[in-house]
$ cat input_22.txt   # compact mmCIF, C-alpha atoms (C1' of nucleotides)
# COMPACT_ATOMS: atom_id res chain seq x y z
CA MET I 1 0.00 0.00 0.00
CA ARG I 2 1.12 3.55 -0.70
CA ASP I 3 1.44 5.89 2.26
CA ALA I 4 -1.62 7.88 1.20
CA ASP I 5 -3.65 4.67 1.05
CA LEU I 6 -2.46 3.64 4.49
CA SER I 7 -3.54 6.90 6.10
CA ALA I 8 -6.88 6.88 4.27
CA THR I 9 -7.50 3.27 5.35
CA LEU I 10 -6.72 4.13 8.93
CA LEU I 11 -9.03 7.17 8.93
CA ALA I 12 -11.85 4.99 7.59
CA TRP I 13 -11.17 2.51 10.40
CA TYR I 14 -11.17 5.33 12.95
CA ASP I 15 -14.56 6.55 11.70
CA ARG I 16 -15.98 3.19 12.75
CA HIS I 17 -13.87 2.39 15.83
CA ALA I 18 -12.93 5.65 17.55
CA ARG I 19 -13.18 5.20 21.30
CA VAL I 20 -15.35 7.58 23.28
CA MET I 21 -13.39 9.62 25.80
CA PRO I 22 -14.43 12.63 27.90
CA TRP I 23 -11.83 14.91 26.31
CA ARG I 24 -12.32 13.75 22.75
CA VAL I 25 -14.37 15.21 19.92
CA GLY I 26 -15.19 12.13 17.84
CA PRO I 27 -14.84 12.01 14.06
CA ALA I 28 -18.57 12.53 13.43
CA ALA I 29 -18.82 15.66 15.59
CA ARG I 30 -15.56 16.97 14.19
CA ALA I 31 -16.93 16.56 10.67
CA GLU I 32 -19.88 18.69 11.79
CA GLY I 33 -17.45 21.46 12.65
CA VAL I 34 -17.16 20.88 16.39
CA ARG I 35 -13.69 21.90 17.56
CA PRO I 36 -11.96 20.50 20.64
CA ASP I 37 -11.17 22.85 23.52
CA PRO I 38 -7.36 23.23 23.46
CA TYR I 39 -7.36 23.44 27.26
CA ALA I 40 -9.11 20.07 27.52
CA VAL I 41 -6.79 18.54 24.94
CA TRP I 42 -3.71 19.83 26.74
CA LEU I 43 -4.96 18.74 30.17
CA SER I 44 -5.80 15.25 28.95
CA GLU I 45 -2.48 14.85 27.16
CA ILE I 46 -0.52 15.80 30.27
CA MET I 47 -2.55 13.35 32.35
CA LEU I 48 -2.12 10.61 29.75
CA GLN I 49 1.67 10.78 29.78
CA GLN I 50 2.74 7.26 30.81
CA THR I 51 -0.72 6.77 32.29
CA THR I 52 -3.65 4.64 31.16
CA VAL I 53 -6.96 6.02 29.93
CA ALA I 54 -8.77 4.19 32.75
CA ALA I 55 -6.64 5.90 35.39
CA VAL I 56 -7.09 9.36 33.84
CA ARG I 57 -10.87 9.48 33.31
CA ASP I 58 -12.03 10.52 36.79
CA TYR I 59 -9.11 12.89 37.35
CA PHE I 60 -9.85 14.64 34.07
CA ARG I 61 -13.52 15.11 34.96
CA THR I 62 -12.61 16.41 38.40
CA PHE I 63 -10.16 18.95 36.99
CA VAL I 64 -12.39 20.35 34.24
CA THR I 65 -15.33 20.59 36.62
CA ARG I 66 -13.32 22.41 39.27
CA TRP I 67 -11.19 24.48 36.87
CA PRO I 68 -13.18 24.84 33.62
CA THR I 69 -10.68 27.11 31.87
CA VAL I 70 -6.93 27.56 31.81
CA ALA I 71 -7.41 30.90 33.58
CA ASP I 72 -9.26 29.16 36.41
CA LEU I 73 -6.44 26.67 36.75
CA ALA I 74 -3.81 29.41 36.63
CA ALA I 75 -5.53 31.09 39.58
CA ALA I 76 -5.66 27.90 41.68
CA GLU I 77 -3.67 27.33 44.87
CA ASP I 78 -0.68 25.03 44.42
CA GLY I 79 -1.76 22.80 47.31
CA ASP I 80 -5.25 22.35 45.87
CA VAL I 81 -3.86 21.21 42.52
CA MET I 82 -1.35 18.85 44.16
CA ALA I 83 -4.17 17.37 46.28
CA ALA I 84 -6.40 16.92 43.23
CA TRP I 85 -3.53 15.21 41.39
CA ALA I 86 -2.70 12.93 44.34
CA GLY I 87 -2.71 9.27 43.29
CA LEU I 88 -2.13 9.90 39.61
CA GLY I 89 1.67 9.79 39.88
CA TYR I 90 4.57 11.63 38.25
CA TYR I 91 3.97 14.73 40.34
CA ALA I 92 6.30 16.93 38.29
CA ARG I 93 3.42 16.91 35.81
CA ALA I 94 1.18 18.62 38.36
CA ARG I 95 3.80 21.23 39.20
CA ASN I 96 4.44 21.91 35.52
CA LEU I 97 0.70 21.92 34.83
CA LEU I 98 0.32 24.98 37.03
CA LYS I 99 3.44 26.64 35.62
CA CYS I 100 2.14 26.04 32.12
CA ALA I 101 -1.36 27.36 32.86
CA ARG I 102 0.13 30.51 34.32
CA ALA I 103 2.48 30.91 31.35
CA VAL I 104 -0.43 30.55 28.91
CA VAL I 105 -2.28 33.30 30.76
CA ASP I 106 0.78 35.54 31.13
CA ARG I 107 2.47 35.00 27.78
CA HIS I 108 -0.41 34.05 25.47
CA GLY I 109 -3.39 35.92 26.90
CA GLY I 110 -5.06 32.76 28.12
CA ALA I 111 -5.18 31.05 24.70
CA PHE I 112 -3.01 28.05 23.90
CA PRO I 113 -0.79 28.64 20.85
CA ALA I 114 -1.31 26.33 17.86
CA ASP I 115 2.35 26.32 16.81
CA PRO I 116 4.23 23.25 18.05
CA ASP I 117 7.41 25.24 18.73
CA ALA I 118 5.49 27.71 20.90
CA LEU I 119 3.82 24.81 22.70
CA ARG I 120 7.16 23.05 23.14
CA ALA I 121 8.47 26.12 24.99
CA LEU I 122 5.86 25.74 27.73
CA PRO I 123 6.58 23.82 30.98
CA GLY I 124 5.76 20.12 30.85
CA ILE I 125 5.21 20.10 27.09
CA GLY I 126 7.74 17.98 25.21
CA PRO I 127 7.88 16.77 21.60
CA TYR I 128 4.95 14.39 21.94
CA THR I 129 2.54 16.73 23.73
CA ALA I 130 3.40 19.69 21.48
CA ALA I 131 2.55 17.61 18.41
CA ALA I 132 -0.57 16.16 20.04
CA VAL I 133 -2.06 19.52 21.03
CA SER I 134 -1.17 21.07 17.69
CA ALA I 135 -2.71 18.18 15.74
CA ILE I 136 -5.71 17.29 17.89
CA ALA I 137 -6.78 20.75 19.08
CA PHE I 138 -5.83 22.76 15.96
CA ASP I 139 -5.85 20.11 13.23
CA LEU I 140 -2.33 20.93 12.07
CA PRO I 141 -0.38 18.14 10.29
CA GLU I 142 2.01 17.34 13.13
CA THR I 143 3.24 13.81 13.81
CA VAL I 144 2.66 12.35 17.27
CA VAL I 145 5.11 9.69 18.42
CA ASP I 146 4.21 7.96 21.66
CA GLY I 147 4.71 4.37 22.75
CA ASN I 148 1.78 3.23 20.61
CA VAL I 149 3.13 4.85 17.47
CA GLU I 150 6.62 3.47 18.07
CA ARG I 151 5.18 -0.02 18.28
CA VAL I 152 2.82 0.33 15.31
CA ILE I 153 5.48 1.80 13.02
CA ALA I 154 8.21 -0.63 14.12
CA ARG I 155 5.89 -3.47 13.14
CA LEU I 156 4.51 -1.89 9.98
CA ARG I 157 8.04 -1.26 8.65
CA ASP I 158 9.69 -4.23 10.40
CA ILE I 159 12.28 -2.12 12.21
CA HIS I 160 14.53 -4.19 14.49
CA THR I 161 16.67 -1.39 15.91
CA PRO I 162 16.10 -1.32 19.68
CA LEU I 163 14.51 1.65 21.44
CA PRO I 164 15.40 4.29 22.35
CA LYS I 165 17.99 4.28 19.54
CA ALA I 166 15.24 3.70 16.96
CA LYS I 167 13.26 6.77 18.03
CA ALA I 168 14.49 9.14 15.31
CA GLU I 169 14.01 6.58 12.54
CA LEU I 170 10.52 5.68 13.73
CA THR I 171 9.63 9.36 13.97
CA ALA I 172 10.71 9.95 10.37
CA LEU I 173 8.74 6.93 9.14
CA ALA I 174 5.67 8.05 11.10
CA ALA I 175 5.97 11.55 9.62
CA ASP I 176 5.93 10.08 6.10
CA LEU I 177 2.48 8.67 6.83
CA THR I 178 0.92 11.79 8.36
CA PRO I 179 -1.75 13.10 5.98
CA GLU I 180 -2.62 16.73 5.24
CA VAL I 181 -6.32 15.88 5.57
CA ARG I 182 -7.77 15.33 9.05
CA PRO I 183 -4.39 15.21 10.80
CA GLY I 184 -6.05 15.53 14.21
CA ASP I 185 -8.24 12.47 13.66
CA TYR I 186 -5.27 10.65 12.14
CA ALA I 187 -3.09 11.29 15.20
CA GLN I 188 -5.74 9.83 17.46
CA ALA I 189 -6.36 6.98 15.03
CA VAL I 190 -2.75 5.70 15.10
CA MET I 191 -2.73 5.79 18.88
CA ASP I 192 -6.12 4.04 19.08
CA LEU I 193 -4.82 1.40 16.68
CA GLY I 194 -1.85 0.76 18.95
CA ALA I 195 -3.99 0.76 22.08
CA THR I 196 -6.71 -1.60 20.84
CA VAL I 197 -5.41 -3.67 17.89
CA CYS I 198 -1.62 -3.48 17.56
CA THR I 199 -1.15 -4.20 21.27
CA PRO I 200 2.15 -5.20 22.92
CA ARG I 201 0.96 -8.78 23.47
CA ASN I 202 -1.44 -10.76 21.31
CA PRO I 203 -1.99 -8.13 18.61
CA ALA I 204 -5.30 -8.58 16.78
CA CYS I 205 -3.83 -8.62 13.29
CA GLY I 206 -7.04 -10.07 11.88
CA LEU I 207 -8.83 -6.85 12.80
CA CYS I 208 -6.06 -4.51 11.66
CA PRO I 209 -6.74 -2.10 8.79
CA TRP I 210 -3.02 -2.21 7.97
CA ARG I 211 -2.57 -5.99 8.01
CA ASP I 212 -1.99 -6.24 4.25
CA GLY I 213 0.74 -3.63 4.29
CA CYS I 214 2.47 -4.75 7.49
CA ALA I 215 6.07 -5.82 6.85
CA GLY I 216 6.49 -7.13 10.38
CA ARG I 217 3.48 -9.41 10.08
CA LEU I 218 4.70 -10.62 6.69
CA ALA I 219 8.09 -11.46 8.23
CA GLY I 220 6.49 -12.97 11.32
CA SER I 221 8.54 -10.71 13.57
CA HIS I 222 5.76 -8.33 14.59
CA VAL I 223 5.13 -9.89 18.02
CA ASP I 224 8.77 -9.26 18.99
CA LEU I 225 8.68 -5.59 17.98
CA PRO I 226 9.60 -3.03 18.96
CA LYS I 227 12.93 -4.26 20.32
CA LYS I 228 13.95 -2.57 23.55
CA ALA I 229 17.22 -2.14 25.41
CA PRO I 230 17.42 -4.48 28.43
CA LYS I 231 16.30 -3.06 31.75
CA LYS I 232 18.15 -2.93 35.02
CA LYS I 233 16.97 -4.78 38.09
CA LYS I 234 15.34 -2.66 40.79
CA PRO I 235 17.09 -2.45 44.16
CA THR I 236 15.11 -2.46 47.41
CA ARG I 237 15.33 0.48 49.78
CA LEU I 238 14.16 0.62 53.38
CA GLY I 239 12.70 3.47 55.40
CA ILE I 240 10.60 4.46 58.39
CA ALA I 241 7.42 6.55 58.27
CA TYR I 242 6.11 8.40 61.33
CA VAL I 243 2.39 8.92 61.92
CA ALA I 244 1.89 11.26 64.88
CA ARG I 245 -1.65 11.88 66.11
CA ARG I 246 -2.24 14.75 68.51
CA VAL I 247 -4.76 14.16 71.28
CA ASP I 248 -7.30 16.37 69.45
CA GLY I 249 -7.01 14.15 66.38
CA ALA I 250 -4.75 16.39 64.29
CA LEU I 251 -2.12 14.55 62.20
CA LEU I 252 1.49 15.54 61.60
CA LEU I 253 2.14 15.88 57.86
CA GLU I 254 4.99 17.31 55.85
CA ARG I 255 5.13 18.75 52.34
CA ARG I 256 8.04 17.31 50.41
CA PRO I 257 10.44 19.61 48.59
CA ASP I 258 9.52 20.42 44.98
CA LYS I 259 12.44 18.55 43.48
CA GLY I 260 12.86 14.82 43.61
CA LEU I 261 10.64 11.87 44.38
CA LEU I 262 7.01 12.75 45.21
CA GLY I 263 8.09 16.39 44.93
CA GLY I 264 5.51 18.89 46.19
CA THR I 265 3.22 16.24 47.66
CA LEU I 266 1.94 15.94 51.22
CA GLY I 267 3.02 12.93 53.26
CA TRP I 268 4.18 11.46 56.55
CA PRO I 269 7.58 12.54 57.83
CA CYS I 270 10.08 9.79 57.08
CA SER I 271 13.61 8.70 57.73
CA ALA I 272 15.95 8.62 54.77
CA TRP I 273 15.26 5.74 52.36
CA ASP I 274 18.37 3.62 51.90
CA ASP I 275 19.94 0.27 52.81
CA ALA I 276 19.93 0.81 56.57
CA PRO I 277 17.64 3.64 57.69
CA GLN I 278 18.29 5.43 61.00
CA GLU I 279 15.43 6.48 63.29
CA ASP I 280 14.59 10.12 62.62
CA PRO I 281 11.25 10.94 64.33
CA PRO I 282 9.76 14.36 63.52
CA ILE I 283 8.62 14.93 67.10
CA ALA I 284 9.58 13.62 70.53
CA ALA I 285 7.13 10.88 71.55
CA GLU I 286 6.79 7.29 72.59
CA TRP I 287 6.83 5.68 69.14
CA LYS I 288 5.24 2.29 68.60
CA ASP I 289 5.80 -0.07 65.69
CA ALA I 290 2.58 -0.55 63.72
CA GLY I 291 3.68 -4.11 63.06
CA ALA I 292 3.41 -4.00 59.28
CA GLU I 293 5.30 -2.29 56.50
CA ALA I 294 4.08 -0.39 53.47
CA ARG I 295 5.41 -1.91 50.26
CA HIS I 296 5.57 0.19 47.17
CA THR I 297 7.39 0.01 43.86
CA PHE I 298 8.60 3.13 42.09
CA THR I 299 10.04 3.35 38.61
CA HIS I 300 13.54 2.36 39.62
CA PHE I 301 13.39 0.83 43.13
CA HIS I 302 11.24 -1.11 45.56
CA LEU I 303 10.50 0.48 48.92
CA ARG I 304 9.63 -1.16 52.23
CA LEU I 305 8.52 1.42 54.73
CA ALA I 306 8.18 0.51 58.41
CA VAL I 307 5.36 2.44 60.13
CA ARG I 308 5.63 4.02 63.58
CA THR I 309 2.73 5.65 65.41
CA ALA I 310 2.54 7.92 68.44
CA LEU I 311 -0.01 9.94 70.41
CA VAL I 312 1.32 13.36 71.38
CA PRO I 313 0.02 16.09 73.73
CA MET I 314 -1.32 19.46 72.55
CA ASP I 315 1.61 21.57 73.68
CA ARG I 316 4.43 19.70 71.96
CA ALA I 317 6.03 21.29 68.89
CA PRO I 318 7.30 19.12 66.01
CA ALA I 319 10.87 19.36 64.74
CA ARG I 320 9.46 19.25 61.20
CA GLY I 321 6.06 19.06 59.54
CA THR I 322 2.71 20.66 60.38
CA PHE I 323 -0.28 19.38 62.29
CA ILE I 324 -3.38 19.18 60.08
CA GLU I 325 -6.74 19.29 61.90
CA ALA I 326 -8.69 16.04 61.67
CA GLY I 327 -11.51 17.75 59.75
CA ALA I 328 -9.11 19.11 57.15
CA PHE I 329 -7.39 15.79 56.51
CA ASP I 330 -8.35 13.54 53.64
CA PRO I 331 -6.12 10.55 52.82
CA LYS I 332 -7.09 10.98 49.18
CA ASP I 333 -4.98 14.14 49.18
CA LEU I 334 -1.89 11.94 49.64
CA PRO I 335 0.10 10.02 47.03
CA THR I 336 -0.53 6.28 47.02
CA LEU I 337 2.51 5.32 49.08
CA MET I 338 1.40 7.67 51.87
CA ARG I 339 -2.17 6.36 51.67
CA LYS I 340 -0.80 2.88 52.28
CA VAL I 341 1.05 4.13 55.36
CA HIS I 342 -2.14 5.79 56.62
CA ALA I 343 -4.11 2.59 56.14
CA LEU I 344 -1.52 0.64 58.16
CA ALA I 345 -1.40 3.23 60.95
C1' DA Q 1 22.72 9.62 26.62
C1' DA Q 2 21.26 7.88 30.63
C1' DC Q 3 18.77 8.54 34.69
C1' DT Q 4 14.85 10.16 37.40
C1' DC Q 5 10.13 10.28 38.13
C1' DG Q 6 4.20 6.90 40.15
C1' DT Q 7 0.79 3.98 39.75
C1' DG Q 8 -2.33 0.18 38.57
C1' DG Q 9 -3.49 -3.64 35.63
C1' DC Q 10 -2.12 -7.60 33.31
C1' DC Q 11 -0.44 -12.33 32.82
C1' DT M 1 4.77 -13.18 42.64
C1' DG M 2 7.44 -10.07 39.55
C1' DG M 3 8.33 -8.00 35.23
C1' DC M 4 6.14 -5.48 31.65
C1' DC M 5 3.60 -1.80 30.10
C1' DA M 6 0.90 2.84 29.67
C1' DA M 7 -1.18 9.19 24.85
C1' DG M 8 6.85 11.34 28.13
C1' DA M 9 9.41 15.29 30.12
C1' DG M 10 13.24 17.23 32.58
C1' DT M 11 17.88 17.11 33.61

$ encode --input "input_22.txt" --output "structure tokens"
Amino acid sequence: MRDADLSATLLAWYDRHARVMPWRVGPAARAEGVRPDPYAVWLSEIMLQQTTVAAVRDYFRTFVTRWPTVADLAAAEDGDVMAAWAGLGYYARARNLLKCARAVVDRHGGAFPADPDALRALPGIGPYTAAAVSAIAFDLPETVVDGNVERVIARLRDIHTPLPKAKAELTALAADLTPEVRPGDYAQAVMDLGATVCTPRNPACGLCPWRDGCAGRLAGSHVDLPKKAPKKKKPTRLGIAYVARRVDGALLLERRPDKGLLGGTLGWPCSAWDDAPQEDPPIAAEWKDAGAEARHTFTHFHLRLAVRTALVPMDRAPARGTFIEAGAFDPKDLPTLMRKVHALA
DNA sequence: AACTCGTGGCC
DNA sequence: TGGCCAAGAGT
């Protein structure tokens, strides 16, 4: 198949199989002239970075309900946005989300730019998201390259170079296929194809609109593509978390520094996380072992966090952290690791 | 270029 | 259970 035929075939497939998502304007509505809200497109694309559609849905609805426009978000309190993001992971996204919203208001008068280079200059927007917003929100012929596209193109063209080395080549091949007509629908179509048909395991080649033009399938190598560089084994780190309850029910919490792991999130004061953690309680008290440890796996290490609890009197000041009144505390405002600690305490 | 940065679902 | 994977970006 010629490239133009491939893109046309995929668009026809998308017209029949486009998935319904809260942030998406489907092909039928788009054909009627309905245009996506660039704010909604941007917000969804940030949330979808390395995150599944199922995990994003409720967070997206919560955000657009609470902050309907980029100006509303720009005016939000940092702590409110971090709390609303809690549980979704990769918290630098939440910090950059606010920076970006404020930059759009300050530098662009509250309207997202359509130009990918202008988008790329905003916090939290990289090559993928710049292309996605430009294509999906403004229907410009930009090429999106995410994990789905890498897989689909590696199979379609039977590329055996391992990622991430193959990235540039796959990007060029993907760009060759990007049509001038309906580029926004096309961008979503390739990603939908990867998410629902050309899946990492057990791809449904029988349902694929590109099966006849797929070099990987012809060679029988498609299931092993894309090749990836081997991964390192994750070490295990140990730590101690301290849950102090004041006699009035207030809980001692600490906001982590903006940089680093769980940056900017609220959590329980902890010891350092390493091979042999030292006790480092945030307040003088009679600490008791909760008898169970919180286990959590991050991107590059496993963590086992021992939990200590204590009841402290009203007049005792903590060395670090802040007491939050019982009525103002919601464990859902904490990242998942810290929710696990709360559940154990 | 390689490393850091979350979480949940799947098999 | 444990490794893999998901609409990546920043450093």

$ interface_residues --input "input_22.txt" --of "chain Q" --to "chain I" --cutoff "7 Å" --atoms "all atoms listed in the file" --output "mmCIF file with C-alpha atoms (C1' of nucleotides), keeping the file's coordinate frame"
data_model
loop_
_atom_site.group_PDB
_atom_site.id
_atom_site.type_symbol
_atom_site.label_atom_id
_atom_site.label_comp_id
_atom_site.auth_asym_id
_atom_site.auth_seq_id
_atom_site.Cartn_x
_atom_site.Cartn_y
_atom_site.Cartn_z
ATOM 1 C "C1'" DC Q 5 10.130 10.280 38.130
ATOM 2 C "C1'" DG Q 6 4.200 6.900 40.150
ATOM 3 C "C1'" DT Q 7 0.790 3.980 39.750
#

$ atom_distance --input "input_22.txt" --atom1 "CA of Asp224 in chain I" --atom2 "CA of Ile153 in chain I"
13.0 Å

$ residues_around --input "input_22.txt" --residues "Ala40 in chain I" --least-positions-apart "2" --cutoff "10 Å" --atoms "all atoms listed in the file" --output "compact mmCIF listing (two decimals) with C-alpha atoms, keeping the file's coordinate frame"
# COMPACT_ATOMS: atom_id res chain seq x y z
CA PRO I 22 -14.43 12.63 27.90
CA TRP I 23 -11.83 14.91 26.31
CA ARG I 24 -12.32 13.75 22.75
CA PRO I 36 -11.96 20.50 20.64
CA ASP I 37 -11.17 22.85 23.52
CA PRO I 38 -7.36 23.23 23.46
CA TRP I 42 -3.71 19.83 26.74
CA LEU I 43 -4.96 18.74 30.17
CA SER I 44 -5.80 15.25 28.95
CA GLU I 45 -2.48 14.85 27.16
CA ILE I 46 -0.52 15.80 30.27
CA PHE I 60 -9.85 14.64 34.07
CA ARG I 61 -13.52 15.11 34.96
CA PHE I 63 -10.16 18.95 36.99
CA VAL I 64 -12.39 20.35 34.24
CA PRO I 68 -13.18 24.84 33.62
CA THR I 69 -10.68 27.11 31.87
CA VAL I 70 -6.93 27.56 31.81
CA VAL I 133 -2.06 19.52 21.03
CA ALA I 137 -6.78 20.75 19.08

$ closest_residue --input "input_22.txt" --among "I:Arg295, I:Lys228, I:Arg182, I:Arg237" --to "Ala135 in chain I" --atoms "only C-alpha atoms"
I:Arg182

$ closest_atom_pairs --input "input_22.txt" --of "chain M" --to "chain I" --cutoff "6 Å" --atoms "all atoms listed in the file" --output "JSON lines"
{"residue": "M:DA6", "atom": "C1'", "partner": "I:Gln50", "partner_atom": "CA", "distance": 4.9}
{"residue": "M:DA7", "atom": "C1'", "partner": "I:Leu48", "partner_atom": "CA", "distance": 5.2}
{"residue": "M:DG8", "atom": "C1'", "partner": "I:Gln49", "partner_atom": "CA", "distance": 5.5}
{"residue": "M:DA9", "atom": "C1'", "partner": "I:Gly126", "partner_atom": "CA", "distance": 5.8}

$ atom_distance --input "input_22.txt" --atom1 "CA of Gly239 in chain I" --atom2 "CA of Thr322 in chain I"
20.5 Å

$ decode --input "input_22.txt" --residues "chain M" --atoms "C-alpha atoms (C1' of nucleotides)" --output "PDB file, in the first residue's frame"
ATOM      1  C1'  DT M   1       4.771 -13.177  42.644  1.00  0.00           C
ATOM      2  C1'  DG M   2       7.437 -10.068  39.550  1.00  0.00           C
ATOM      3  C1'  DG M   3       8.326  -7.995  35.230  1.00  0.00           C
ATOM      4  C1'  DC M   4       6.143  -5.485  31.655  1.00  0.00           C
ATOM      5  C1'  DC M   5       3.603  -1.803  30.095  1.00  0.00           C
ATOM      6  C1'  DA M   6       0.903   2.839  29.666  1.00  0.00           C
ATOM      7  C1'  DA M   7      -1.182   9.192  24.854  1.00  0.00           C
ATOM      8  C1'  DG M   8       6.846  11.345  28.130  1.00  0.00           C
ATOM      9  C1'  DA M   9       9.410  15.290  30.122  1.00  0.00           C
ATOM     10  C1'  DG M  10      13.240  17.228  32.580  1.00  0.00           C
ATOM     11  C1'  DT M  11      17.883  17.111  33.613  1.00  0.00           C
TER      12       DT M  11
END
